[in-house]
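Heads up: the structure comes next, in structure tokens.
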Amino acid sequence: ETGVTQTPRHLVMGMTNKKSLKCEQHLGHNAMYWYKQSAKKPLELMFVYSLEERVENNSVPSRFSPECPNSSHLFLHLHTLQPEDSALYLCASSQDGLAGGLRELFFGEGSRLTVL
Amino acid sequence: DAKTTQPPSMDCAEGRAANLPCNHSTISGNEYVYWYRQIHSQGPQYIIHGLKNNETNEMASLIITEDRKSSTLILPHATLRDTAVYYCIVRARNSGGYQKVTFGIGTKLQVIP
């Protein structure tokens, strides 16, 4: 138990569906992240939210839409996905700040997405 | 961030020490060495980090060479549950309020019964 909870753990969707992945952190952190991990590939950073503001968007297609309504919750809205988007989607959080130094990332268990 | 180089895979006998090397020859003076591991189909887990002194915690020890160009993660008594991909990451102290951590391929450690 890392303090970062992701739901659902498994999701199967068609290319025309709209679904959302949810992440909740119980650690009081102020930064949250979405990573994608495709089979046999390194983790890819998708989005970063710091103090509920999106600060990184690493050339992610618009069919992925993040939302951070507050510092404890992060969503990834999915629509019109492609089969190559099938992957493990990981959420992470950290406590960061100018005076805080470098802190480790805490990851959730991930949401395994399959796009048919 | 400095680039790191790790062997793609290693085996270790159960109960023996697992020594995982990492080269980071371009490391800067203000960059820390971090280690994470990822057990199959789970999220990565933080293990340990250090700047220049050797570090030890309940999970592992981190040995950093005097010139800081390489380091070794040591799992003193490997168990089957230590089978995972281990990532060595070099990062500077946070200056922007959040982190942009890049994970490489890592080392796949297989602990053998």
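Residues are referred to by chain and number: the chain letter is A, B, ... according to the order shown in the structure tokens, the number counts from 1 in that chain, and ligands are numbered separately from 1 in the order shown.
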Please identify every residue of chain B that has at least one atom no farther than 10 Å from an atom of chain A, counting only C-alpha atoms, and for each give the shortest atom pair and the distance in Å to one decimal, arranged by chain then increasing number, as JSON lines.
{"residue": "B:Glu31", "atom": "CA", "partner": "A:Leu102", "partner_atom": "CA", "distance": 9.9}
{"residue": "B:Tyr32", "atom": "CA", "partner": "A:Leu102", "partner_atom": "CA", "distance": 8.7}
{"residue": "B:Tyr34", "atom": "CA", "partner": "A:Glu104", "partner_atom": "CA", "distance": 8.5}
{"residue": "B:Trp35", "atom": "CA", "partner": "A:Glu104", "partner_atom": "CA", "distance": 9.7}
{"residue": "B:Tyr36", "atom": "CA", "partner": "A:Glu104", "partner_atom": "CA", "distance": 9.2}
{"residue": "B:Ser41", "atom": "CA", "partner": "A:Leu88", "partner_atom": "CA", "distance": 7.7}
{"residue": "B:Gln42", "atom": "CA", "partner": "A:Glu109", "partner_atom": "CA", "distance": 5.0}
{"residue": "B:Gly43", "atom": "CA", "partner": "A:Glu109", "partner_atom": "CA", "distance": 4.9}
{"residue": "B:Pro44", "atom": "CA", "partner": "A:Phe107", "partner_atom": "CA", "distance": 6.1}
{"residue": "B:Gln45", "atom": "CA", "partner": "A:Phe107", "partner_atom": "CA", "distance": 6.8}
{"residue": "B:Tyr46", "atom": "CA", "partner": "A:Glu104", "partner_atom": "CA", "distance": 6.5}
{"residue": "B:Ile47", "atom": "CA", "partner": "A:Glu104", "partner_atom": "CA", "distance": 9.2}
{"residue": "B:Ile48", "atom": "CA", "partner": "A:Glu104", "partner_atom": "CA", "distance": 9.0}
{"residue": "B:His49", "atom": "CA", "partner": "A:Glu104", "partner_atom": "CA", "distance": 8.9}
{"residue": "B:Arg91", "atom": "CA", "partner": "A:Leu102", "partner_atom": "CA", "distance": 8.2}
{"residue": "B:Ala92", "atom": "CA", "partner": "A:Leu102", "partner_atom": "CA", "distance": 7.6}
{"residue": "B:Arg93", "atom": "CA", "partner": "A:Leu102", "partner_atom": "CA", "distance": 5.0}
{"residue": "B:Asn94", "atom": "CA", "partner": "A:Leu102", "partner_atom": "CA", "distance": 4.9}
{"residue": "B:Ser95", "atom": "CA", "partner": "A:Leu98", "partner_atom": "CA", "distance": 5.7}
{"residue": "B:Gly96", "atom": "CA", "partner": "A:Leu98", "partner_atom": "CA", "distance": 6.6}
{"residue": "B:Gly97", "atom": "CA", "partner": "A:Gly97", "partner_atom": "CA", "distance": 4.2}
{"residue": "B:Tyr98", "atom": "CA", "partner": "A:Asp96", "partner_atom": "CA", "distance": 5.4}
{"residue": "B:Gln99", "atom": "CA", "partner": "A:Asp96", "partner_atom": "CA", "distance": 7.7}
{"residue": "B:Lys100", "atom": "CA", "partner": "A:Leu45", "partner_atom": "CA", "distance": 7.6}
{"residue": "B:Val101", "atom": "CA", "partner": "A:Leu45", "partner_atom": "CA", "distance": 7.7}
{"residue": "B:Thr102", "atom": "CA", "partner": "A:Leu45", "partner_atom": "CA", "distance": 7.3}
{"residue": "B:Phe103", "atom": "CA", "partner": "A:Leu43", "partner_atom": "CA", "distance": 5.9}
{"residue": "B:Gly104", "atom": "CA", "partner": "A:Pro42", "partner_atom": "CA", "distance": 5.6}
{"residue": "B:Ile105", "atom": "CA", "partner": "A:Pro42", "partner_atom": "CA", "distance": 5.4}
{"residue": "B:Gly106", "atom": "CA", "partner": "A:Pro42", "partner_atom": "CA", "distance": 8.3}
Which neighbours of His24 (chain B) fall inside 9 Å, counting only C-alpha atoms, when residues of the same chain fewer than 3 positions from it are skipped, and could you give them as a VMD selection string? chain B and resid 2 to 5 27 33 68 to 71 89 to 90
Since we have the selection now, will you write its residues out, keeping all heavy atoms, as a short mmCIF file (atom, residue, chain, number, x, y, z; two decimals), in the first residue's frame?
data_model
loop_
_atom_site.label_atom_id
_atom_site.label_comp_id
_atom_site.auth_asym_id
_atom_site.auth_seq_id
_atom_site.Cartn_x
_atom_site.Cartn_y
_atom_site.Cartn_z
N ALA B 2 21.78 13.58 -15.79
CA ALA B 2 22.85 12.76 -16.34
C ALA B 2 22.30 11.43 -16.84
O ALA B 2 21.34 10.89 -16.31
CB ALA B 2 23.90 12.51 -15.27
N LYS B 3 22.96 10.89 -17.88
CA LYS B 3 22.54 9.61 -18.44
C LYS B 3 23.11 8.49 -17.59
O LYS B 3 24.22 8.61 -17.05
CB LYS B 3 23.07 9.50 -19.86
CG LYS B 3 22.75 8.22 -20.58
CD LYS B 3 23.35 8.23 -21.97
CE LYS B 3 23.31 6.87 -22.63
NZ LYS B 3 21.94 6.36 -22.74
N THR B 4 22.38 7.41 -17.47
CA THR B 4 22.85 6.23 -16.74
C THR B 4 22.91 5.03 -17.65
O THR B 4 22.15 4.93 -18.62
CB THR B 4 21.93 5.93 -15.54
OG1 THR B 4 20.63 5.61 -16.04
CG2 THR B 4 21.83 7.11 -14.59
N THR B 5 23.80 4.10 -17.32
CA THR B 5 23.94 2.85 -18.07
C THR B 5 23.88 1.70 -17.09
O THR B 5 24.63 1.68 -16.10
CB THR B 5 25.27 2.81 -18.84
OG1 THR B 5 25.35 3.95 -19.72
CG2 THR B 5 25.36 1.55 -19.68
N ILE B 27 27.71 12.61 -14.35
CA ILE B 27 26.96 13.16 -13.21
C ILE B 27 27.55 14.50 -12.77
O ILE B 27 28.78 14.69 -12.79
CB ILE B 27 26.95 12.15 -12.05
CG1 ILE B 27 25.95 12.56 -10.97
CG2 ILE B 27 28.35 11.96 -11.48
CD1 ILE B 27 25.71 11.49 -9.93
N VAL B 33 21.89 10.19 -6.89
CA VAL B 33 21.61 8.89 -7.50
C VAL B 33 20.41 8.28 -6.79
O VAL B 33 20.39 8.17 -5.55
CB VAL B 33 22.82 7.95 -7.37
CG1 VAL B 33 22.49 6.59 -8.01
CG2 VAL B 33 24.06 8.56 -8.00
N ARG B 68 32.19 9.47 -8.03
CA ARG B 68 30.74 9.52 -8.26
C ARG B 68 30.33 9.13 -9.68
O ARG B 68 29.19 9.35 -10.08
CB ARG B 68 30.19 10.92 -7.93
CG ARG B 68 30.47 11.36 -6.53
CD ARG B 68 29.46 12.32 -5.93
NE ARG B 68 28.91 13.26 -6.87
CZ ARG B 68 27.60 13.36 -7.13
NH1 ARG B 68 26.74 12.57 -6.53
NH2 ARG B 68 27.17 14.25 -7.98
N LYS B 69 31.19 8.50 -10.42
CA LYS B 69 30.86 8.14 -11.79
C LYS B 69 30.14 6.81 -11.89
O LYS B 69 29.67 6.42 -12.97
CB LYS B 69 32.11 8.15 -12.65
CG LYS B 69 32.70 9.55 -12.82
CD LYS B 69 33.88 9.55 -13.77
CE LYS B 69 34.38 10.99 -13.99
NZ LYS B 69 35.50 11.05 -14.94
N SER B 70 30.06 6.09 -10.80
CA SER B 70 29.31 4.85 -10.81
C SER B 70 28.81 4.54 -9.40
O SER B 70 29.28 5.12 -8.41
CB SER B 70 30.14 3.68 -11.34
OG SER B 70 31.21 3.42 -10.47
N SER B 71 27.85 3.65 -9.34
CA SER B 71 27.31 3.24 -8.05
C SER B 71 26.84 1.79 -8.13
O SER B 71 26.69 1.23 -9.23
CB SER B 71 26.15 4.16 -7.62
OG SER B 71 25.09 4.11 -8.55
N ILE B 89 18.58 6.16 -11.48
CA ILE B 89 18.22 7.48 -12.02
C ILE B 89 19.08 8.52 -11.35
O ILE B 89 19.32 8.47 -10.14
CB ILE B 89 16.73 7.77 -11.73
CG1 ILE B 89 15.84 6.76 -12.45
CG2 ILE B 89 16.35 9.19 -12.14
CD1 ILE B 89 14.45 6.67 -11.87
N VAL B 90 19.55 9.47 -12.14
CA VAL B 90 20.33 10.58 -11.60
C VAL B 90 19.51 11.85 -11.74
O VAL B 90 19.03 12.17 -12.82
CB VAL B 90 21.67 10.70 -12.34
CG1 VAL B 90 22.42 11.94 -11.89
CG2 VAL B 90 22.52 9.47 -12.11
#
Distance CA of Asn19 (chain B)-CA of His77 (chain B), one decimal place?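 One can read the CA of Asn19 (chain B) to CA of His77 (chain B) distance as 10.4 Å.
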From chain A, collect each residue whose DSSP state is strand (DSSP E) and return the set as a PyMOL selection string. chain A and resi 4-7+10-13+18-25+31-37+44-50+53-57+64-70+73-79+87-94+106-107+111-115
Distance of CA of His29 (chain A) from CA of Thr56 (chain B), expressed in Å to one decimal place: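 Answer for the CA of Thr56 (chain B) to CA of His29 (chain A) separation: 25.2 Å.
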